[in-house]
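Here is the file query.txt (compact mmCIF, C-alpha atoms).
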# COMPACT_ATOMS: atom_id res chain seq x y z
CA MET L 1 -3.19 -9.83 27.72
CA VAL L 2 -2.96 -9.33 23.99
CA ASN L 3 -1.96 -12.24 21.81
CA PRO L 4 1.74 -11.82 20.88
CA GLU L 5 0.91 -13.27 17.46
CA LEU L 6 -1.47 -10.35 16.88
CA ILE L 7 1.22 -7.81 17.83
CA ASP L 8 3.65 -9.58 15.48
CA LYS L 9 1.12 -9.45 12.63
CA LEU L 10 0.46 -5.76 13.28
CA ASN L 11 4.22 -5.17 13.13
CA ASP L 12 4.33 -7.06 9.81
CA ILE L 13 1.69 -4.63 8.57
CA LEU L 14 3.61 -1.66 9.96
CA ARG L 15 6.81 -2.75 8.18
CA TRP L 16 4.81 -3.15 4.97
CA GLU L 17 3.29 0.33 5.31
CA TRP L 18 6.76 1.82 5.92
CA THR L 19 7.81 0.08 2.71
CA GLY L 20 4.88 1.71 0.93
CA VAL L 21 5.95 5.15 2.13
CA ALA L 22 9.45 4.62 0.71
CA GLN L 23 8.47 2.78 -2.47
CA TYR L 24 5.66 5.10 -3.54
CA SER L 25 7.75 8.19 -2.68
CA GLN L 26 10.63 6.84 -4.76
CA TYR L 27 8.32 6.25 -7.70
CA SER L 28 6.97 9.80 -7.47
CA PHE L 29 10.54 11.14 -7.46
CA VAL L 30 12.02 9.17 -10.36
CA LEU L 31 9.12 8.96 -12.81
CA THR L 32 9.84 10.90 -16.00
CA GLY L 33 8.22 11.35 -19.35
CA ILE L 34 4.76 12.13 -20.57
CA TRP L 35 3.01 10.13 -17.83
CA ARG L 36 4.85 11.87 -14.93
CA GLU L 37 2.10 14.46 -14.57
CA VAL L 38 -0.54 11.74 -14.30
CA PHE L 39 1.18 9.19 -12.07
CA SER L 40 3.71 11.10 -9.95
CA GLY L 41 0.91 12.66 -7.92
CA ARG L 42 -0.85 9.30 -7.61
CA PHE L 43 2.30 7.70 -6.22
CA ALA L 44 2.79 10.61 -3.77
CA GLU L 45 -0.81 10.17 -2.58
CA SER L 46 -0.20 6.46 -2.09
CA ALA L 47 2.89 7.26 0.01
CA SER L 48 0.80 9.58 2.18
CA GLU L 49 -1.90 6.94 2.54
CA SER L 50 0.71 4.38 3.62
CA PHE L 51 2.03 6.83 6.19
CA GLY L 52 -1.47 7.37 7.55
CA HIS L 53 -1.97 3.62 7.85
CA ALA L 54 1.44 3.24 9.52
CA LYS L 55 0.54 5.93 12.05
CA LYS L 56 -2.73 4.25 13.00
CA ILE L 57 -1.21 0.77 13.22
CA GLY L 58 1.84 1.99 15.15
CA GLU L 59 -0.35 3.80 17.67
CA LYS L 60 -2.51 0.69 18.09
CA ILE L 61 0.57 -1.50 18.65
CA SER L 62 1.70 0.90 21.39
CA ALA L 63 -1.78 0.98 22.94
CA LEU L 64 -1.77 -2.82 23.05
CA GLY L 65 1.57 -2.84 24.87
CA GLY L 66 3.78 -3.70 21.91
CA VAL L 67 6.74 -1.90 20.38
CA PRO L 68 6.10 -0.58 16.86
CA ALA L 69 8.58 -1.70 14.20
CA VAL L 70 10.84 0.89 12.62
CA GLU L 71 12.23 -1.34 9.88
CA ARG L 72 10.76 -1.73 6.44
CA ASP L 73 10.87 -4.41 3.80
CA PRO L 74 12.97 -3.92 0.62
CA VAL L 75 11.80 -1.36 -1.92
CA LYS L 76 11.39 -2.45 -5.54
CA GLN L 77 13.21 0.26 -7.47
CA THR L 78 12.61 0.81 -11.17
CA GLY L 79 12.45 3.55 -13.75
CA SER L 80 9.78 1.80 -15.82
CA LEU L 81 6.20 3.02 -15.43
CA GLN L 82 4.90 -0.44 -16.34
CA ALA L 83 7.00 -2.02 -13.57
CA MET L 84 5.95 0.70 -11.11
CA LEU L 85 2.29 -0.03 -11.80
CA GLU L 86 2.79 -3.80 -11.57
CA ASN L 87 4.77 -3.42 -8.33
CA SER L 88 2.05 -1.16 -6.94
CA LEU L 89 -0.63 -3.72 -7.69
CA CYS L 90 1.46 -6.42 -6.02
CA PHE L 91 2.07 -4.13 -3.04
CA GLU L 92 -1.65 -3.48 -2.58
CA GLN L 93 -2.51 -7.18 -2.95
CA THR L 94 0.00 -8.09 -0.26
CA ALA L 95 -1.41 -5.38 2.01
CA VAL L 96 -4.91 -6.83 1.57
CA GLN L 97 -3.58 -10.25 2.55
CA LEU L 98 -1.78 -8.89 5.64
CA TYR L 99 -4.87 -7.03 6.85
CA GLN L 100 -7.05 -10.10 6.32
CA GLU L 101 -4.62 -12.18 8.38
CA ALA L 102 -4.67 -9.58 11.17
CA LEU L 103 -8.46 -9.52 11.09
CA GLU L 104 -8.57 -13.27 11.66
CA LEU L 105 -6.39 -12.84 14.76
CA ALA L 106 -8.33 -9.84 16.11
CA ASP L 107 -11.85 -11.15 15.44
CA GLY L 108 -13.65 -11.84 18.69
CA VAL L 109 -10.78 -10.37 20.70
CA ASP L 110 -10.72 -6.61 20.04
CA ARG L 111 -13.74 -5.13 18.25
CA PRO L 112 -12.30 -1.59 17.86
CA LEU L 113 -9.18 -3.09 16.27
CA VAL L 114 -11.37 -5.13 13.91
CA VAL L 115 -13.15 -1.93 12.83
CA LEU L 116 -9.82 -0.15 12.27
CA LEU L 117 -8.43 -3.05 10.25
CA GLU L 118 -11.62 -3.30 8.17
CA GLU L 119 -11.49 0.42 7.34
CA ILE L 120 -7.88 0.18 6.19
CA LEU L 121 -8.57 -3.10 4.37
CA LEU L 122 -11.25 -1.31 2.35
CA GLU L 123 -8.73 1.35 1.30
CA GLU L 124 -6.17 -1.30 0.36
CA GLN L 125 -8.75 -3.17 -1.73
CA GLU L 126 -9.62 0.09 -3.49
CA GLY L 127 -5.90 0.34 -4.35
CA VAL L 128 -5.96 -3.17 -5.82
CA ASP L 129 -9.02 -2.28 -7.88
CA GLU L 130 -7.52 1.00 -9.09
CA PHE L 131 -4.17 -0.45 -10.16
CA THR L 132 -5.94 -3.40 -11.79
CA LEU L 133 -7.97 -1.01 -13.93
CA ILE L 134 -4.96 1.16 -14.76
CA LEU L 135 -2.90 -1.85 -15.80
CA ARG L 136 -5.72 -3.25 -17.90
CA ASP L 137 -5.64 -0.16 -20.14
CA HIS L 138 -1.88 0.29 -19.94
CA GLU L 139 -1.11 -3.29 -20.96
CA SER L 140 -3.58 -3.20 -23.83
CA GLY L 141 -1.69 -0.33 -25.43
CA GLU L 142 -4.47 2.22 -25.02
CA MET L 143 -2.04 4.65 -23.36
CA ALA L 144 0.31 4.37 -26.32
CA ASP L 145 -2.63 4.82 -28.70
CA ALA L 146 -3.69 7.94 -26.81
CA ILE L 147 -0.24 9.46 -27.26
CA THR L 148 -0.18 8.58 -30.95
CA ASN L 149 -3.64 10.04 -31.60
CA VAL L 150 -3.03 13.40 -29.90
CA GLY L 151 -3.04 16.39 -32.21

File written out as structure tokens:
Amino acid sequence: MVNPELIDKLNDILRWEWTGVAQYSQYSFVLTGIWREVFSGRFAESASESFGHAKKIGEKISALGGVPAVERDPVKQTGSLQAMLENSLCFEQTAVQLYQEALELADGVDRPLVVLLEEILLEEQEGVDEFTLILRDHESGEMADAITNVG
């Protein structure tokens, strides 16, 4: 029998991934201005990645005898690129934490699940790294300087 705490944690992850689908999609829809071309596609890709993670986790929950969650957590809506990037970094950091918590519960219990969680954790950590680097340049004003120095 699978630990109910593990199923609950996987459902926490699933709800978080559903949130990512909605939040990143929303950002790709509402972003305007000169940086839309750069970041709208990135947000759409992040939404697709979250959906892929949700699909894998939902299927695993079902395989383990659980019922996959259909709810999501609240979406942080904004029209500010800076806030979108900061929210995205926070989202990815929380995802890393959730996957690490699930790994602790699955370790020694279900090796294939551990491998799945580690693969997704790696992708989530790459998201943390990417948004950290983007924000580093964005906050320092280099994006504004690039706009000013064009032409």

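The space between atom CA of L:Gln23 and atom CA of L:Leu85 spans 11.5 Å.
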
Which residues come within 9 Å of L:Ala44, counting all atoms listed in the file, excluding same-chain residues fewer than 6 positions away, as a PDB file with C-alpha atoms, in the frame of the given file?
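File result25.pdb, as written:
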ATOM      1  CA  VAL L  21       5.950   5.150   2.130  1.00  0.00           C
ATOM      2  CA  TYR L  24       5.660   5.100  -3.540  1.00  0.00           C
ATOM      3  CA  SER L  25       7.750   8.190  -2.680  1.00  0.00           C
ATOM      4  CA  GLN L  26      10.630   6.840  -4.760  1.00  0.00           C
ATOM      5  CA  TYR L  27       8.320   6.250  -7.700  1.00  0.00           C
ATOM      6  CA  SER L  28       6.970   9.800  -7.470  1.00  0.00           C
ATOM      7  CA  PHE L  29      10.540  11.140  -7.460  1.00  0.00           C
TER       8      PHE L  29
END

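We find atom CA of L:Arg111 and atom CA of L:Ala69 to be spaced 22.9 Å apart.
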
(Q) Using only C-alpha atoms, which protein or nucleic acid residues come within 12 Å of L:Ser62? Drop anything in the same chain fewer than 6 positions from it, and give the result as number ranges by chain. (A) L: 2, 7, 10-11, 14, 55-56, 68-69

Q | Selected residue of minimal separation from L:Leu133 among L:Glu49, L:Glu86, L:Glu101, L:Asp73, counting only C-alpha atoms | A | L:Glu86

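Nearest residue to L:Ile120, choosing from L:Arg15, L:His53, L:Arg36, L:Arg42 and counting all atoms listed in the file: L:His53.
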
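Neighbourhood of point (-6.4, -2.0, 11.3): residues with an atom at most 8 Å away, counting only C-alpha atoms, are His53, Lys56, Ile57, Tyr99, Ala102, Leu103, Leu113, Val114, Val115, Leu116, Leu117, Glu118, Glu119, Ile120 and Leu121 of chain L.
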
Return as AutoDock Vina command-line options the centre and edge lengths, in Å with one decimal, of the box along x, y and z that encloses every atom of stretch 22-41 of chain L in the file, padded by 4 Å per side.
--center_x 5.7 --center_y 8.6 --center_z -9.9 --size_x 20.6 --size_y 19.7 --size_z 29.3

Q: Could you tell me how far atom CA of L:Val128 lies from atom CA of L:Ala54, in Å and to one decimal?
A: 18.2 Å

Could you give me, as CSV, a per-residue list for stretch 18-87 of chain L showing, wherever an atom lies at most 12 Å from an atom of stretch 94-97 of chain L, the closest pair of atoms and their distance in Å to one decimal, using only C-alpha atoms and sorting by chain then residue number from low to high?
residue,atom,partner,partner_atom,distance
L:Trp18,CA,L:Ala95,CA,11.6
L:Thr19,CA,L:Ala95,CA,10.7
L:Gly20,CA,L:Ala95,CA,9.5
L:Ser50,CA,L:Ala95,CA,10.1
L:His53,CA,L:Ala95,CA,10.7
L:Ala54,CA,L:Ala95,CA,11.8
L:Asn87,CA,L:Thr94,CA,10.5

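If only C-alpha atoms are the atoms counted, then among L:Lys76, L:Glu123, L:Asp129, L:Gly66 the closest residue to L:Gly52 is L:Glu123.
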
Atoms are missing here; could stretch 68-84 of chain L be completed with N, CA and C atoms and written as a compact mmCIF listing (two decimals), in the coordinates of the input?
# COMPACT_ATOMS: atom_id res chain seq x y z
N PRO L 68 6.24 -0.69 18.31
CA PRO L 68 6.10 -0.58 16.86
C PRO L 68 7.44 -0.74 16.12
N ALA L 69 7.39 -1.47 15.03
CA ALA L 69 8.58 -1.70 14.20
C ALA L 69 9.01 -0.41 13.52
N VAL L 70 10.31 -0.25 13.35
CA VAL L 70 10.84 0.89 12.62
C VAL L 70 11.47 0.46 11.30
N GLU L 71 11.64 -0.84 11.12
CA GLU L 71 12.23 -1.34 9.88
C GLU L 71 11.16 -1.38 8.79
N ARG L 72 11.66 -1.52 7.57
CA ARG L 72 10.76 -1.73 6.44
C ARG L 72 11.29 -2.87 5.60
N ASP L 73 10.45 -3.37 4.73
CA ASP L 73 10.87 -4.41 3.80
C ASP L 73 11.57 -3.74 2.62
N PRO L 74 12.26 -4.51 1.76
CA PRO L 74 12.97 -3.92 0.62
C PRO L 74 12.03 -3.21 -0.35
N VAL L 75 12.53 -2.13 -0.92
CA VAL L 75 11.80 -1.36 -1.92
C VAL L 75 12.15 -1.89 -3.30
N LYS L 76 11.15 -2.03 -4.15
CA LYS L 76 11.39 -2.45 -5.54
C LYS L 76 11.62 -1.19 -6.37
N GLN L 77 12.88 -0.94 -6.71
CA GLN L 77 13.21 0.26 -7.47
C GLN L 77 13.19 -0.04 -8.96
N THR L 78 12.68 0.93 -9.72
CA THR L 78 12.61 0.81 -11.17
C THR L 78 12.39 2.19 -11.77
N GLY L 79 12.73 2.33 -13.02
CA GLY L 79 12.45 3.55 -13.75
C GLY L 79 11.34 3.35 -14.77
N SER L 80 10.81 2.15 -14.85
CA SER L 80 9.78 1.80 -15.82
C SER L 80 8.39 2.01 -15.24
N LEU L 81 7.57 2.80 -15.90
CA LEU L 81 6.20 3.02 -15.43
C LEU L 81 5.44 1.70 -15.35
N GLN L 82 5.59 0.85 -16.36
CA GLN L 82 4.90 -0.44 -16.34
C GLN L 82 5.27 -1.23 -15.09
N ALA L 83 6.56 -1.29 -14.77
CA ALA L 83 7.00 -2.02 -13.57
C ALA L 83 6.50 -1.35 -12.30
N MET L 84 6.48 -0.02 -12.28
CA MET L 84 5.95 0.70 -11.11
C MET L 84 4.49 0.33 -10.87
